[in-house]
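Everything on this sheet refers to the single structure shown next.
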Amino acid sequence: CYGATKVKTPNIDKLAAEGRMFTDAHSASAVCTPSRFALLTGQYPVRGNNGEGIWGPAPISSRLLIPTDQPTIADVLKNGGYATAAFGKWHLGFGEEENDWQPPLSPGPNDLGFDYYYGIPVVNSAPPYVYVENTHVVGGDPNDPLVFIGKGKPEEVTPITPIPKEASQRTTNRFKGAIEAHKLYNDYTVGKVLAEKAIEFISTETLKKSKQGKQHPFFLYLATTHIHHPFTPGKSFQGKSDAELYGDFIQELDWMVGEVLSAVEKAGVSNNTLVIFTSDNGAMLNLGGRNAVKAGHKINGDLLGFKFGIWEGGHRIPFIAKWPGKIEAGTVSDDLICNVDMLATLVAVTGQDPRILANLDSKNILPALVGNPKVPIRDELLLAAHSKDHLSLRRGKWMYIPAQGSGGFNGFREPQHAWGGPAAVALVGGKNSDMKDGQLNEDAPPEQLYNLEADKYQSINVYKQHPEVVKEMKAILQTYKANK
């Protein structure tokens, strides 16, 4: 529904046909961990980590990055009487100090408003390759504990699922022990496991009734590992797309969406359920992404750039919402929205006191979901790349970047995993006035300004033509930096 021609996504397309598709939706960061921080907390990731900001993926040993006294979207729903559950990728750390992976893994999701959690504790490309349920490793054994041994001794680590090179990078295991727990985690069945867990939760919760005989409401946060590398689609999806393993993984994601929506339908609550489909950042030009590009799939459409970087391809994301009777079916919105806005929106959806949003960056976008606001809900948006120097500002039609380049990946030759920057833009046929032949021009301006209303694909840097806009944007951005 967003224009791809080499993959089939009937379930996501149906969701768009029955709901509203947004064209100017963004993740607050082009990086997964800070983006998830923003989604859950309603705060820009620059405010995390005691004002130092959260910029990159949480390391394996990371403590919990969200303070347990900070309201989350799960807290909001729980306070509204909803049963709450999270499934899939967490990647926000566990514990108060450095995580040693010994049970209980706490504080964690259960201390941030989620009644139940089951999923991948870090990400599918990083160890430990096990599932975690609430505060314990699934299949964990006190007589065979999970032990972190770091780099350098591959002969000691517990074996994991073999995958081919074309599946893209996966960090070798750095844990020994927990043999049975590792056996339960198979890269090729993660999609099936998470879909089944989500369906089980929906089925269980919709059977419950309150003391008044009313339906027991639920909130499901399903953070799939699709389509993060390594690309390991289940056997029945392999070779089914026209975009290599990358496309196959997308089609398995679409299947998961269909399974969840079918469960909602079978439970008889589809007419009273708000469904949101979105992503945590743009696509990455790793080996799987490059293979998909060579097959004709545009991994970020015609947007400039990729995951980790500040150009639109790093953070402009799909966002589809369906809510029968509330959201007009088959509609498209150009309203500027961000995943940081989910907390304020859910406060409004559940009719709670908006004063709990004090000092948060979240905006209530409910009017953009169910109507057509005449005045933009957001007049500006703070956007982050992996590089601190590329913290940038969107204001109306203008996008201001206070540095050259994307602030993301810069690989450009085989067999490098993390491609980005001018060379990667050239590979996918992108155009930008600051670049030529895959390199940054020597006379490129020191900063960047784009008119996204006229130039969504950021082909022309108009920094020199609008010094007054640059001056204004720079001053506004400085206020964010001063008030982290």
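Identifiers in the structure tokens: chain A, B, ... in order shown; residue index from 1 per chain; ligand index from 1 in order shown.
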**OP:** Looking only at strand (DSSP E) from DSSP on the backbone, list the matching residues of segment 109-188 of chain A as an MDAnalysis selection string.
**Re:** chainID A and resid 116:119 132:133 136:137 147:148 175:176
Within 10 Å of Pro162 of chain A, counting only C-alpha atoms, which residues qualify if same-chain residues fewer than 3 places away don't, as a short mmCIF file (atom, residue, chain, number, x, y, z; two decimals) with N, CA and C atoms, in the first residue's frame?
data_model
loop_
_atom_site.label_atom_id
_atom_site.label_comp_id
_atom_site.auth_asym_id
_atom_site.auth_seq_id
_atom_site.Cartn_x
_atom_site.Cartn_y
_atom_site.Cartn_z
N PRO A 159 25.89 -23.48 21.07
CA PRO A 159 25.56 -23.40 19.64
C PRO A 159 24.18 -22.77 19.41
N LYS A 165 25.04 -16.85 4.85
CA LYS A 165 25.60 -15.50 4.75
C LYS A 165 24.59 -14.49 4.23
N ASN A 186 14.79 -20.66 17.80
CA ASN A 186 15.18 -20.98 16.43
C ASN A 186 14.86 -19.77 15.56
N ASP A 187 15.86 -19.20 14.89
CA ASP A 187 15.66 -17.99 14.09
C ASP A 187 14.51 -18.12 13.10
N TYR A 188 14.31 -19.32 12.58
CA TYR A 188 13.32 -19.51 11.53
C TYR A 188 11.89 -19.70 12.05
#
Original post:
Just asking: which residues within segment 20-172 of chain A are helix (DSSP H, G or I) according to DSSP, as a list in words?
Top reply: Cys32, Thr33, Pro34, Ser35, Arg36, Phe37, Ala38, Leu39, Leu40, Thr41, Pro45, Val46, Arg47, Asn49, Asn50, Gly51, Ile73, Ala74, Asp75, Val76, Leu77, Lys78, Asn79, Pro109, Asn110, Asp111, Lys165, Glu166 and Ala167 of chain A
Generate a file of the selected residues that holds C-alpha atoms, formatted as a compact mmCIF listing (two decimals), in the first residue's frame.
# COMPACT_ATOMS: atom_id res chain seq x y z
CA CYS A 32 15.72 1.14 17.36
CA THR A 33 16.38 1.53 21.11
CA PRO A 34 15.87 5.32 21.33
CA SER A 35 12.86 5.04 19.03
CA ARG A 36 11.25 2.49 21.38
CA PHE A 37 12.07 4.70 24.35
CA ALA A 38 10.10 7.50 22.67
CA LEU A 39 7.20 5.23 21.75
CA LEU A 40 6.76 3.89 25.28
CA THR A 41 7.46 7.05 27.29
CA PRO A 45 15.21 10.08 23.45
CA VAL A 46 17.53 13.08 23.88
CA ARG A 47 15.99 13.41 27.37
CA ASN A 49 19.76 8.58 30.35
CA ASN A 50 19.54 11.49 32.80
CA GLY A 51 19.74 14.06 30.03
CA ILE A 73 1.81 3.70 27.28
CA ALA A 74 1.34 0.42 29.16
CA ASP A 75 0.82 2.33 32.43
CA VAL A 76 -1.78 4.52 30.73
CA LEU A 77 -3.72 1.52 29.45
CA LYS A 78 -3.38 -0.38 32.71
CA ASN A 79 -4.67 2.63 34.63
CA PRO A 109 8.70 -4.79 31.18
CA ASN A 110 6.64 -5.91 34.17
CA ASP A 111 7.77 -2.81 36.06
CA LYS A 165 25.60 -15.50 4.75
CA GLU A 166 22.86 -13.95 2.63
CA ALA A 167 20.62 -13.71 5.71
Subject >> Near-Ala28 of chain A list (12 Å; only C-alpha atoms; drop same-chain fewer than 6 positions) as JSON, numbers by chain >> reply: {"A": [34, 35, 36, 37, 38, 39, 40, 41, 42, 43, 44, 45, 46, 47, 54, 55, 279, 280, 281, 282, 308, 309, 310, 312, 314, 315, 316, 317, 337, 338, 339, 340, 341, 342, 361, 362, 380, 381, 382, 383, 384, 385, 386, 391, 392, 393, 394]}
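Excluding segment 431-438 of chain A and any residue on its chain fewer than 5 positions from it, the residues at most 6 Å away by only C-alpha atoms are Pro422, Ala423, Ala426, Ala444, Ser459 and Ile460 of chain A.
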Subject >> Nearest to Val190 of chain A by atom-to-atom distance, counting only C-alpha atoms, from A:Leu146, A:Ile120, A:Ala126, A:Ala85 >> reply: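 Smallest separation from Val190 of chain A among the options: A:Ile120.
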Original post:
Given the choices A:Gly140, A:Gly113, A:Gly56, A:Gly247, which gets closest to Thr9 of chain A if the distance is worked out from only C-alpha atoms?
Top reply: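 Looking at the shortest contact to Thr9 of chain A, the residue is A:Gly247.
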Subject >> Selection: 10 Å around Gly301 of chain A, only C-alpha atoms, excl. self and same-chain fewer than 2 positions, as a list in words >> reply: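 These residues fall inside the cut-off: Tyr2, Gly3, Ala4, Ala283, His297, Lys298, Ile299, Leu303, Leu304, Gly313, Val428 and Tyr457 of chain A.
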Could you make a table, as a Markdown table, of the residues of segment 371-423 of chain A that have an atom within 12 Å of an atom of segment 466-472 of chain A, each with its nearest atom pair and distance in Å to one decimal, counting only C-alpha atoms, in chain and number order?
| residue | atom | partner | partner_atom | distance |
| --- | --- | --- | --- | --- |
| A:Ser392 | CA | A:Val470 | CA | 11.6 |
| A:Leu393 | CA | A:Val470 | CA | 10.5 |
| A:Arg394 | CA | A:Val470 | CA | 11.5 |
| A:Arg395 | CA | A:Val469 | CA | 10.0 |
| A:Gly396 | CA | A:Val469 | CA | 11.4 |
| A:Lys397 | CA | A:Val469 | CA | 11.1 |
| A:Trp398 | CA | A:Val469 | CA | 8.3 |
| A:Met399 | CA | A:Val470 | CA | 9.6 |
| A:Tyr400 | CA | A:Val470 | CA | 7.1 |
| A:Ile401 | CA | A:Val470 | CA | 9.3 |
| A:Pro402 | CA | A:Val470 | CA | 9.0 |
| A:Ala403 | CA | A:Val470 | CA | 11.9 |
Could you dump the residues just selected with N, CA and C atoms as a PDB file, in the first residue's frame?
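Output file result36.pdb follows:
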ATOM      1  N   SER A 392      18.218  16.951  14.827  1.00  0.00           N
ATOM      2  CA  SER A 392      17.675  17.864  13.815  1.00  0.00           C
ATOM      3  C   SER A 392      16.250  18.280  14.130  1.00  0.00           C
ATOM      4  N   LEU A 393      15.784  19.271  13.381  1.00  0.00           N
ATOM      5  CA  LEU A 393      14.471  19.853  13.650  1.00  0.00           C
ATOM      6  C   LEU A 393      13.614  19.901  12.397  1.00  0.00           C
ATOM      7  N   ARG A 394      12.418  19.382  12.522  1.00  0.00           N
ATOM      8  CA  ARG A 394      11.389  19.540  11.491  1.00  0.00           C
ATOM      9  C   ARG A 394      10.420  20.614  11.990  1.00  0.00           C
ATOM     10  N   ARG A 395      10.158  21.583  11.164  1.00  0.00           N
ATOM     11  CA  ARG A 395       9.204  22.640  11.512  1.00  0.00           C
ATOM     12  C   ARG A 395       8.387  22.981  10.271  1.00  0.00           C
ATOM     13  N   GLY A 396       7.103  22.596  10.304  1.00  0.00           N
ATOM     14  CA  GLY A 396       6.275  22.790   9.129  1.00  0.00           C
ATOM     15  C   GLY A 396       6.849  22.056   7.938  1.00  0.00           C
ATOM     16  N   LYS A 397       7.094  22.786   6.864  1.00  0.00           N
ATOM     17  CA  LYS A 397       7.631  22.163   5.654  1.00  0.00           C
ATOM     18  C   LYS A 397       9.146  22.044   5.675  1.00  0.00           C
ATOM     19  N   TRP A 398       9.801  22.652   6.661  1.00  0.00           N
ATOM     20  CA  TRP A 398      11.262  22.706   6.679  1.00  0.00           C
ATOM     21  C   TRP A 398      11.880  21.602   7.520  1.00  0.00           C
ATOM     22  N   MET A 399      12.955  21.043   7.027  1.00  0.00           N
ATOM     23  CA  MET A 399      13.776  20.087   7.774  1.00  0.00           C
ATOM     24  C   MET A 399      15.189  20.646   7.841  1.00  0.00           C
ATOM     25  N   TYR A 400      15.663  20.910   9.062  1.00  0.00           N
ATOM     26  CA  TYR A 400      16.983  21.498   9.280  1.00  0.00           C
ATOM     27  C   TYR A 400      17.909  20.480   9.927  1.00  0.00           C
ATOM     28  N   ILE A 401      19.082  20.280   9.321  1.00  0.00           N
ATOM     29  CA  ILE A 401      20.089  19.339   9.809  1.00  0.00           C
ATOM     30  C   ILE A 401      21.375  20.131  10.041  1.00  0.00           C
ATOM     31  N   PRO A 402      21.856  20.232  11.280  1.00  0.00           N
ATOM     32  CA  PRO A 402      22.986  21.125  11.587  1.00  0.00           C
ATOM     33  C   PRO A 402      24.363  20.540  11.279  1.00  0.00           C
ATOM     34  N   ALA A 403      24.461  19.730  10.248  1.00  0.00           N
ATOM     35  CA  ALA A 403      25.739  19.097   9.888  1.00  0.00           C
ATOM     36  C   ALA A 403      25.642  18.562   8.467  1.00  0.00           C
TER      37      ALA A 403
END
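Residue nearest Phe114 of chain A within the list A:Pro324, A:Gly289, A:Pro71, A:Pro145: A:Pro71 [criterion: smallest interatomic distance, only C-alpha atoms].
Here the question is which of A:Leu112, A:Ala86, A:Met473, A:Met256 gets nearest to Thr72 of chain A using only C-alpha atoms, and that residue is A:Leu112.
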